[in-house]
>>> print(open('final.cif').read())   # mmCIF, C-alpha atoms
data_model
loop_
_atom_site.label_atom_id
_atom_site.label_comp_id
_atom_site.auth_asym_id
_atom_site.auth_seq_id
_atom_site.Cartn_x
_atom_site.Cartn_y
_atom_site.Cartn_z
CA MET A 1 0.00 0.00 0.00
CA VAL A 2 2.66 2.51 1.06
CA TYR A 3 4.86 1.23 -1.77
CA TRP A 4 2.13 2.15 -4.26
CA LEU A 5 1.67 5.59 -2.70
CA LEU A 6 5.39 6.30 -2.78
CA ILE A 7 5.57 5.33 -6.45
CA HIS A 8 2.52 7.21 -7.65
CA VAL A 9 2.21 10.14 -5.28
CA LEU A 10 5.69 11.27 -4.31
CA PRO A 11 7.66 12.60 -7.31
CA PHE A 12 10.74 12.72 -5.13
CA PHE A 13 11.38 9.04 -5.73
CA GLN A 14 11.55 9.64 -9.44
CA GLN A 15 14.68 11.68 -8.76
CA VAL A 16 16.35 9.04 -6.62
CA GLU A 17 15.43 6.16 -8.93
CA SER A 18 18.50 6.63 -11.09
CA HIS A 19 20.72 6.28 -8.02
CA THR A 20 19.45 2.84 -7.03
CA THR A 21 21.10 -0.29 -8.35
CA GLY A 22 18.44 -2.68 -7.16
CA THR A 23 15.21 -3.41 -9.05
CA SER A 24 12.90 -1.48 -6.71
CA ARG A 25 12.12 2.17 -7.32
CA VAL A 26 11.66 2.71 -3.58
CA TYR A 27 14.62 1.95 -1.33
CA THR A 28 14.28 -1.64 -0.20
CA THR A 29 16.35 -1.18 2.96
CA PHE A 30 14.02 1.63 4.05
CA ARG A 31 10.98 -0.62 3.70
CA ILE A 32 12.66 -3.64 5.33
CA ALA A 33 13.42 -1.56 8.42
CA LEU A 34 9.96 -0.05 8.66
CA ALA A 35 8.27 -3.39 7.96
CA SER A 36 10.19 -4.88 10.91
CA LEU A 37 9.35 -1.96 13.18
CA THR A 38 5.67 -1.95 12.17
CA SER A 39 5.16 -5.67 12.77
CA PHE A 40 7.04 -5.47 16.07
CA LEU A 41 4.88 -2.65 17.37
CA MET A 42 1.71 -4.35 16.20
CA ALA A 43 2.66 -7.65 17.86
CA VAL A 44 3.53 -5.89 21.13
CA CYS A 45 0.32 -3.83 21.07
CA LEU A 46 -1.87 -6.76 20.06
CA GLY A 47 -0.23 -9.08 22.58
CA PRO A 48 -2.22 -8.41 25.78
CA MET A 49 -5.59 -8.44 24.01
CA ALA A 50 -4.69 -11.52 21.94
CA ILE A 51 -3.41 -13.39 25.00
CA ARG A 52 -6.63 -12.70 26.91
CA TRP A 53 -8.68 -13.92 23.93
CA LEU A 54 -6.57 -17.05 23.50
CA LYS A 55 -6.64 -17.79 27.23
CA SER A 56 -10.42 -18.01 27.13
CA ARG A 57 -10.39 -20.45 24.20
CA PHE A 58 -7.07 -22.20 23.58
CA ARG A 59 -4.99 -23.44 26.50
CA GLU A 60 -1.95 -25.68 26.26
CA ARG A 61 -2.30 -29.29 27.36
CA VAL A 62 1.12 -30.69 28.28
CA SER A 63 1.26 -34.25 27.03
CA SER A 64 4.31 -36.00 25.63
CA ALA A 65 5.85 -39.45 25.46
CA SER A 66 7.99 -38.66 28.52
CA SER A 67 6.28 -38.60 31.91
CA GLU A 68 9.35 -36.96 33.44
CA LEU A 69 9.24 -34.18 30.86
CA ASP A 70 5.52 -33.71 31.50
CA ARG A 71 6.29 -33.33 35.20
CA LEU A 72 8.96 -30.71 34.55
CA HIS A 73 6.62 -28.80 32.23
CA ALA A 74 3.51 -29.17 34.38
CA CYS A 75 3.63 -25.42 35.16
CA LYS A 76 3.01 -24.75 31.45
CA ASN A 77 -0.45 -26.33 31.54
CA ASP A 78 -3.26 -23.92 30.65
CA THR A 79 -0.87 -21.39 29.10
CA PRO A 80 -2.60 -19.73 26.11
CA THR A 81 -1.48 -21.27 22.82
CA MET A 82 -2.05 -20.67 19.09
CA GLY A 83 -0.26 -17.34 19.57
CA GLY A 84 0.85 -17.76 15.98
CA LEU A 85 -2.47 -16.14 15.08
CA PHE A 86 -1.36 -12.66 16.13
CA LEU A 87 2.20 -13.37 15.01
CA VAL A 88 0.95 -14.07 11.47
CA MET A 89 -1.50 -11.17 11.63
CA ALA A 90 1.24 -8.69 12.54
CA THR A 91 3.48 -10.03 9.76
CA LEU A 92 0.83 -9.81 7.04
CA PHE A 93 -0.40 -6.40 8.20
CA SER A 94 3.12 -5.01 7.88
CA VAL A 95 3.61 -6.67 4.48
CA MET A 96 0.37 -5.10 3.25
CA ILE A 97 1.70 -1.68 4.20
CA TRP A 98 5.34 -1.84 3.16
CA GLY A 99 5.51 -4.62 0.56
CA ASN A 100 4.99 -4.32 -3.17
CA LEU A 101 1.79 -6.32 -3.49
CA GLU A 102 2.21 -6.53 -7.27
CA ASN A 103 5.44 -8.47 -6.81
CA HIS A 104 5.19 -12.22 -7.45
CA TYR A 105 7.47 -13.09 -4.53
CA VAL A 106 5.36 -11.07 -2.11
CA GLN A 107 2.17 -12.73 -3.36
CA LEU A 108 3.75 -16.18 -3.07
CA SER A 109 5.04 -15.38 0.42
CA ILE A 110 1.56 -14.36 1.55
CA PHE A 111 0.17 -17.63 0.17
CA VAL A 112 2.81 -19.70 1.98
CA ILE A 113 2.35 -17.90 5.30
CA LEU A 114 -1.45 -18.08 5.18
CA SER A 115 -1.71 -21.68 3.97
CA PHE A 116 0.82 -23.09 6.45
CA ALA A 117 -0.77 -21.04 9.25
CA MET A 118 -4.16 -22.56 8.40
CA LEU A 119 -2.65 -26.04 8.45
CA GLY A 120 -1.00 -25.32 11.79
CA ALA A 121 -4.25 -23.95 13.19
CA CYS A 122 -6.07 -27.13 12.14
CA ASP A 123 -3.42 -29.20 13.88
CA ASP A 124 -3.59 -27.09 17.06
CA TRP A 125 -7.39 -27.10 17.05
CA THR A 126 -7.50 -30.89 16.69
CA LYS A 127 -4.98 -31.25 19.52
CA LEU A 128 -6.94 -28.99 21.86
CA SER A 129 -10.46 -30.16 21.04
CA THR A 130 -9.82 -33.93 21.06
CA SER A 131 -7.77 -36.41 23.05
CA THR A 132 -5.32 -36.89 20.16
CA HIS A 133 -1.99 -35.12 19.64
CA GLY A 134 -3.33 -33.24 16.60
CA LEU A 135 -3.53 -34.29 12.99
CA SER A 136 -1.93 -37.62 12.22
CA ALA A 137 1.71 -37.35 11.20
CA ARG A 138 0.90 -38.72 7.74
CA THR A 139 -1.98 -36.30 7.13
CA LYS A 140 0.05 -33.33 8.27
CA PHE A 141 3.06 -34.37 6.18
CA VAL A 142 0.99 -34.91 3.01
CA LEU A 143 -0.73 -31.54 3.37
CA GLN A 144 2.61 -29.83 3.92
CA TRP A 145 3.93 -31.40 0.73
CA ILE A 146 0.87 -30.35 -1.27
CA LEU A 147 1.19 -26.73 -0.17
CA ALA A 148 4.96 -26.71 -0.68
CA MET A 149 4.70 -28.24 -4.15
CA MET A 150 2.12 -25.61 -5.12
CA ALA A 151 4.58 -22.93 -4.08
CA GLY A 152 7.36 -24.72 -5.96
CA ALA A 153 5.32 -24.90 -9.17
CA SER A 154 4.54 -21.19 -8.99
CA LEU A 155 8.18 -20.35 -8.30
CA TYR A 156 9.38 -22.57 -11.16
CA GLN A 157 7.07 -20.84 -13.61
CA HIS A 158 8.39 -17.45 -12.52
CA GLN A 159 12.11 -18.24 -12.27
CA SER A 160 12.66 -20.75 -15.05
CA HIS A 161 13.63 -18.00 -17.50
CA ILE A 162 16.10 -16.37 -15.07
CA PRO A 163 19.77 -17.46 -15.36
CA LEU A 164 20.45 -19.91 -12.49
CA GLY A 165 16.89 -19.25 -11.30
CA THR A 166 16.05 -22.95 -10.94
CA ASP A 167 19.52 -24.54 -10.85
CA LEU A 168 21.17 -25.98 -7.77
CA VAL A 169 24.02 -23.55 -7.12
CA SER A 170 26.91 -24.85 -5.05
CA PRO A 171 28.43 -22.32 -2.60
CA VAL A 172 31.78 -24.05 -3.14
CA GLY A 173 33.19 -23.49 -6.60
CA GLN A 174 30.02 -21.70 -7.73
CA PHE A 175 29.00 -24.42 -10.19
CA ALA A 176 25.35 -24.99 -11.08
CA ILE A 177 23.38 -28.18 -11.64
CA PRO A 178 20.25 -27.81 -13.81
CA ILE A 179 17.41 -29.88 -12.33
CA GLY A 180 14.49 -28.81 -14.55
CA TYR A 181 11.11 -29.74 -13.11
CA GLY A 182 12.94 -31.33 -10.20
CA PHE A 183 13.11 -27.78 -8.87
CA ILE A 184 9.46 -28.11 -7.81
CA VAL A 185 10.21 -31.19 -5.71
CA TRP A 186 13.36 -29.56 -4.36
CA THR A 187 11.35 -26.51 -3.26
CA GLY A 188 8.85 -28.80 -1.58
CA LEU A 189 11.65 -30.56 0.30
CA VAL A 190 13.14 -27.27 1.54
CA LEU A 191 9.80 -25.83 2.69
CA VAL A 192 8.60 -29.00 4.39
CA SER A 193 11.96 -29.55 6.11
CA ALA A 194 12.16 -25.93 7.30
CA SER A 195 8.60 -25.83 8.61
CA ASN A 196 9.05 -29.11 10.51
CA GLY A 197 12.44 -27.96 11.79
CA VAL A 198 11.01 -24.82 13.41
CA ASN A 199 8.02 -26.83 14.65
CA LEU A 200 10.25 -29.37 16.43
CA THR A 201 12.36 -26.57 17.93
CA ASP A 202 9.28 -24.96 19.43
CA GLY A 203 9.46 -26.83 22.73
CA LEU A 204 10.89 -24.36 25.25
CA ASP A 205 9.98 -20.77 26.07
CA GLY A 206 11.42 -18.49 23.37
CA LEU A 207 13.54 -21.20 21.76
CA ALA A 208 12.03 -21.32 18.26
CA GLY A 209 11.32 -17.59 18.26
CA GLY A 210 14.86 -16.54 19.11
CA CYS A 211 16.48 -18.96 16.68
CA SER A 212 14.08 -17.86 13.92
CA ILE A 213 15.06 -14.22 14.47
CA PHE A 214 18.74 -14.94 13.87
CA ALA A 215 17.99 -17.15 10.85
CA GLY A 216 15.57 -14.54 9.51
CA GLY A 217 18.19 -11.80 9.82
CA ALA A 218 20.57 -13.79 7.63
CA MET A 219 17.85 -14.54 5.08
CA ILE A 220 16.99 -10.84 4.85
CA ALA A 221 20.58 -10.21 3.82
CA PHE A 222 20.62 -13.09 1.31
CA CYS A 223 17.39 -11.99 -0.37
CA TYR A 224 18.47 -8.37 -0.50
CA LEU A 225 21.84 -9.27 -2.06
CA ALA A 226 20.20 -11.62 -4.58
CA GLY A 227 17.87 -8.84 -5.74
CA HIS A 228 20.65 -6.23 -6.04
CA LYS A 229 22.49 -6.61 -9.34
CA THR A 230 25.73 -4.92 -8.32
CA LEU A 231 26.03 -6.71 -4.99
CA ALA A 232 25.04 -10.05 -6.52
CA GLU A 233 27.88 -9.70 -9.02
CA TYR A 234 30.30 -8.69 -6.26
CA PHE A 235 29.45 -11.71 -4.09
CA VAL A 236 29.26 -14.00 -7.14
CA ILE A 237 25.75 -15.21 -6.36
CA PRO A 238 22.75 -15.63 -8.69
CA TYR A 239 21.01 -12.36 -9.48
CA ILE A 240 17.25 -12.77 -9.04
CA PRO A 241 15.40 -9.60 -10.09
CA GLN A 242 12.84 -8.40 -7.53
CA ALA A 243 14.02 -10.93 -4.93
CA GLY A 244 14.71 -8.02 -2.60
CA GLU A 245 10.96 -7.78 -2.00
CA THR A 246 11.17 -11.11 -0.18
CA ALA A 247 13.47 -9.40 2.31
CA VAL A 248 10.63 -7.03 3.16
CA VAL A 249 8.40 -10.01 4.01
CA VAL A 250 11.08 -11.74 6.08
CA GLY A 251 11.82 -8.41 7.76
CA ALA A 252 8.17 -8.12 8.76
CA MET A 253 8.28 -11.69 10.05
CA VAL A 254 11.40 -11.02 12.14
CA GLY A 255 9.83 -7.89 13.61
CA ALA A 256 6.65 -9.78 14.48
CA MET A 257 8.73 -12.56 16.03
CA LEU A 258 10.55 -10.02 18.19
CA GLY A 259 7.20 -8.68 19.34
CA PHE A 260 5.95 -12.19 20.02
CA LEU A 261 9.13 -13.02 21.95
CA TRP A 262 8.25 -10.11 24.25
CA TYR A 263 5.52 -12.39 25.66
CA ASN A 264 7.00 -15.78 24.81
CA CYS A 265 10.27 -15.42 26.76
CA HIS A 266 10.56 -17.40 29.99
CA PRO A 267 8.18 -17.74 31.71
CA ALA A 268 6.03 -17.69 28.59
CA GLU A 269 2.68 -15.92 28.66
CA VAL A 270 1.71 -17.48 25.34
CA PHE A 271 2.88 -20.24 22.99
CA MET A 272 2.90 -19.92 19.20
CA GLY A 273 1.80 -23.48 18.50
CA ASP A 274 1.89 -25.00 15.03
CA THR A 275 -0.13 -21.97 13.90
CA GLY A 276 3.05 -19.94 14.17
CA SER A 277 5.92 -22.41 13.81
CA LEU A 278 4.80 -23.97 10.51
CA PRO A 279 4.38 -20.71 8.52
CA MET A 280 7.53 -19.16 10.00
CA GLY A 281 9.62 -22.17 9.02
CA ALA A 282 8.05 -22.42 5.57
CA MET A 283 8.70 -18.72 4.93
CA LEU A 284 12.35 -19.08 5.89
CA GLY A 285 12.64 -22.02 3.49
CA LEU A 286 10.91 -20.09 0.71
CA SER A 287 13.28 -17.16 1.10
CA ALA A 288 16.25 -19.53 0.77
CA VAL A 289 14.87 -21.01 -2.46
CA ILE A 290 14.11 -17.59 -3.94
CA ALA A 291 17.61 -16.33 -3.16
CA ARG A 292 19.11 -19.65 -4.45
CA GLN A 293 20.97 -20.14 -1.16
CA GLU A 294 19.54 -23.44 0.02
CA PHE A 295 22.94 -24.88 0.92
CA LEU A 296 23.93 -21.90 3.04
CA PHE A 297 20.47 -22.08 4.57
CA ILE A 298 21.49 -25.42 6.06
CA ILE A 299 24.09 -23.47 8.06
CA VAL A 300 21.75 -20.55 8.80
CA GLY A 301 19.11 -22.93 10.15
CA GLY A 302 21.65 -25.27 11.72
CA ILE A 303 19.71 -25.38 15.00
CA PHE A 304 16.60 -26.57 13.17
CA VAL A 305 18.64 -29.11 11.22
CA VAL A 306 20.16 -30.55 14.38
CA GLU A 307 16.76 -30.74 16.08
CA VAL A 308 15.31 -32.70 13.15
CA LEU A 309 18.34 -34.98 12.95
CA SER A 310 18.15 -35.69 16.67
CA VAL A 311 14.61 -37.01 16.22
CA ILE A 312 15.53 -39.08 13.15
CA ILE A 313 18.61 -40.56 14.84
CA GLN A 314 16.71 -41.29 18.07
CA ILE A 315 13.92 -43.14 16.25
CA SER A 316 16.25 -44.98 13.86
CA ILE A 317 18.60 -46.27 16.54
CA TYR A 318 15.76 -47.28 18.85
CA ARG A 319 13.98 -49.23 16.10
CA THR A 320 17.22 -50.88 14.98
CA TRP A 321 19.06 -51.65 18.23
CA GLY A 322 16.43 -50.99 20.90
CA TRP A 323 18.23 -48.23 22.82
CA ARG A 324 18.00 -44.43 22.83
CA PRO A 325 21.14 -42.27 22.45
CA LEU A 326 19.26 -39.29 23.92
CA ARG A 327 17.14 -39.21 27.04
CA CYS A 328 14.44 -37.51 25.00
CA SER A 329 14.23 -35.94 21.56
CA PRO A 330 14.30 -33.30 20.10
CA LEU A 331 17.75 -32.38 21.39
CA HIS A 332 16.67 -29.52 23.66
CA ASN A 333 14.63 -31.97 25.76
CA HIS A 334 17.74 -34.09 26.33
CA PHE A 335 19.50 -31.16 28.01
CA VAL A 336 16.44 -30.29 30.10
CA LEU A 337 16.16 -33.88 31.37
CA ASN A 338 19.88 -33.80 32.20
CA GLY A 339 19.14 -31.08 34.74
CA GLN A 340 20.04 -27.92 32.82
CA SER A 341 17.70 -24.99 33.39
CA GLU A 342 15.36 -24.06 30.57
CA VAL A 343 16.74 -20.51 30.39
CA LYS A 344 20.31 -21.79 30.06
CA VAL A 345 19.37 -24.24 27.28
CA VAL A 346 17.45 -21.59 25.34
CA THR A 347 20.20 -18.98 25.72
CA ARG A 348 22.88 -21.38 24.53
CA PHE A 349 20.77 -22.40 21.54
CA TRP A 350 20.31 -18.71 20.72
CA ILE A 351 24.08 -18.18 20.87
CA CYS A 352 24.65 -21.13 18.53
CA GLY A 353 21.94 -19.83 16.19
CA ALA A 354 23.58 -16.40 16.06
CA LEU A 355 27.02 -17.88 15.38
CA LEU A 356 25.64 -20.08 12.60
CA ALA A 357 23.98 -17.08 10.94
CA ILE A 358 27.28 -15.17 11.11
CA ALA A 359 29.17 -18.17 9.70
CA ALA A 360 26.76 -18.42 6.78
CA MET A 361 27.15 -14.72 6.02
CA ALA A 362 30.92 -15.11 6.06
CA GLY A 363 30.57 -18.07 3.69
CA LEU A 364 29.16 -15.81 0.98
CA LYS A 365 32.57 -14.36 0.22
CA ILE A 366 34.90 -17.07 1.51
CA LEU A 367 33.29 -19.84 -0.56
#
>>> encode(input="final.cif", output="structure tokens")
Amino acid sequence: MVYWLLIHVLPFFQQVESHTTGTSRVYTTFRIALASLTSFLMAVCLGPMAIRWLKSRFRERVSSASSELDRLHACKNDTPTMGGLFLVMATLFSVMIWGNLENHYVQLSIFVILSFAMLGACDDWTKLSTSTHGLSARTKFVLQWILAMMAGASLYQHQSHIPLGTDLVSPVGQFAIPIGYGFIVWTGLVLVSASNGVNLTDGLDGLAGGCSIFAGGAMIAFCYLAGHKTLAEYFVIPYIPQAGETAVVVGAMVGAMLGFLWYNCHPAEVFMGDTGSLPMGAMLGLSAVIARQEFLFIIVGGIFVVEVLSVIIQISIYRTWGWRPLRCSPLHNHFVLNGQSEVKVVTRFWICGALLAIAAMAGLKIL
């Protein structure tokens, strides 16, 4: 909305247009910053009212496969959940104001955030209104793949004519592997993995939110650089016209997550639930695919990768040899059951997340 006004109402930007080397006529960095600030303020302002509303309808029911973990988390019972509703609302509100709604990447981002939020809400609602643990794993996984493949098909249609737009680009040696229609499946894999990674990390107060903020900060930089012709050439990365608009969306998401963390830090006043974790993870994955930085995204989202791997390894070893290498998975639960305080575990995961984001940024030029 504001983007349209700045383009059509303020002639000043016609004068500065010739000085920009990106593909946006209105400074992208300006809108990224204000999108983050807007969503943050909206999340903080909406928080108290949203928490009261959620508390009267959606309260967490602590129930896991570990009775010891349930005992440690008993104090979390009846905490309002599905806080992802106002997290998503703040993000989309900010995008509507500061994003270029005519941009394909912005439209696709809105679709991904909304669709995965709806899926997460269905899962949370099922969990809270029945005696089950939500949608069955198979149903949830299939629906995630359907939504992710739809996004991949749309992205393939838009980027197939762009040099390196659908190729797998190695950060080492900068060689590309054309994968054709396999790009759609690849996009699906990235989005589903990222959404499940954030979802599994969302187990302690502020854990998923803080890690997502650091990962989102790195993805803002990647998307901005990919959409800036001069900087893309300097860093020897694929130039994706208009990709900088994705940074505005991720910026809004990071701002909203900061506002949500205001209430989600220990002791949490509200949980995001799948309603928040699934769309946030999917959006991070989408930004990586758009910027053609999926391999560096593995480093950026290293915390999420480790959390997923800890579950896979735990299940695989138990089914094969009958013993568990961890006291409980995902990994953060293992540390909690070993007697470490929740705040210490979360803080250390945040530190690791920040270091991984920095390492990935350094890898742009080193590799």
>>> residues_around(input="final.cif", residues="region 101-111 of chain A", least_positions_apart="5", cutoff="8 Å", atoms="only C-alpha atoms", output="PyMOL selection string")
chain A and resi 1+92+96+151+154+158+242-243+245-246+249+283+286
>>> residues_around(input="final.cif", residues="region 214-228 of chain A", least_positions_apart="6", cutoff="9 Å", atoms="all atoms listed in the file", output="PyMOL selection string")
chain A and resi 21-24+28-29+32+235+237-251+253-254+284+287-288+290-293+297+300-302+350+353-358+360-361+364
>>> closest_residue(input="final.cif", among="A:Gly152, A:Gly255, A:Pro325, A:Pro48", to="Ser36 (chain A)", atoms="only C-alpha atoms")
A:Gly255
>>> closest_residue(input="final.cif", among="A:Lys55, A:His334, A:His133, A:Arg31", to="Glu307 (chain A)", atoms="only C-alpha atoms")
A:His334
>>> resolve_selection(input="final.cif", expression="the PyMOL selection byres ((chain A and resi 135-140) around 8)", output="compact mmCIF listing (two decimals) with C-alpha atoms, in the coordinates of the input")
# COMPACT_ATOMS: atom_id res chain seq x y z
CA LEU A 119 -2.65 -26.04 8.45
CA CYS A 122 -6.07 -27.13 12.14
CA ASP A 123 -3.42 -29.20 13.88
CA THR A 126 -7.50 -30.89 16.69
CA LYS A 127 -4.98 -31.25 19.52
CA THR A 132 -5.32 -36.89 20.16
CA HIS A 133 -1.99 -35.12 19.64
CA GLY A 134 -3.33 -33.24 16.60
CA PHE A 141 3.06 -34.37 6.18
CA VAL A 142 0.99 -34.91 3.01
CA LEU A 143 -0.73 -31.54 3.37
CA GLN A 144 2.61 -29.83 3.92
>>> atom_distance(input="final.cif", atom1="CA of Ala43 (chain A)", atom2="CA of Gly276 (chain A)")
12.8 Å
>>> resolve_selection(input="final.cif", expression="the PyMOL selection byres ((chain A and resi 197-205) around 7)", output="list in words")
Ser193, Ala194, Ser195, Asn196, Gly206, Leu207, Ala208, Asn264, Cys265, His266, Pro267, Ala268, Asp274, Ser277, Leu278, Gly281, Phe304, Val305, Glu307, Val308, Pro330 and Glu342 of chain A
>>> closest_residue(input="final.cif", among="A:Met280, A:Ile184, A:Ala232, A:Ile179", to="Leu87 (chain A)", atoms="all atoms listed in the file")
A:Met280
>>> residues_around(input="final.cif", residues="Ser39 (chain A)", least_positions_apart="4", cutoff="8 Å", atoms="all atoms listed in the file", output="PyMOL selection string")
chain A and resi 35+43+90-91+93-94+252-253+255-256+259
>>> write_last_selection(input="final.cif", atoms="C-alpha atoms", output="PDB file, in the frame of the given file")
ATOM      1  CA  ALA A  35       8.270  -3.390   7.960  1.00  0.00           C
ATOM      2  CA  ALA A  43       2.660  -7.650  17.860  1.00  0.00           C
ATOM      3  CA  ALA A  90       1.240  -8.690  12.540  1.00  0.00           C
ATOM      4  CA  THR A  91       3.480 -10.030   9.760  1.00  0.00           C
ATOM      5  CA  PHE A  93      -0.400  -6.400   8.200  1.00  0.00           C
ATOM      6  CA  SER A  94       3.120  -5.010   7.880  1.00  0.00           C
ATOM      7  CA  ALA A 252       8.170  -8.120   8.760  1.00  0.00           C
ATOM      8  CA  MET A 253       8.280 -11.690  10.050  1.00  0.00           C
ATOM      9  CA  GLY A 255       9.830  -7.890  13.610  1.00  0.00           C
ATOM     10  CA  ALA A 256       6.650  -9.780  14.480  1.00  0.00           C
ATOM     11  CA  GLY A 259       7.200  -8.680  19.340  1.00  0.00           C
TER      12      GLY A 259
END
>>> closest_residue(input="final.cif", among="A:Ala148, A:Ile51, A:Ile351, A:Leu128", to="Ile113 (chain A)", atoms="all atoms listed in the file")
A:Ala148
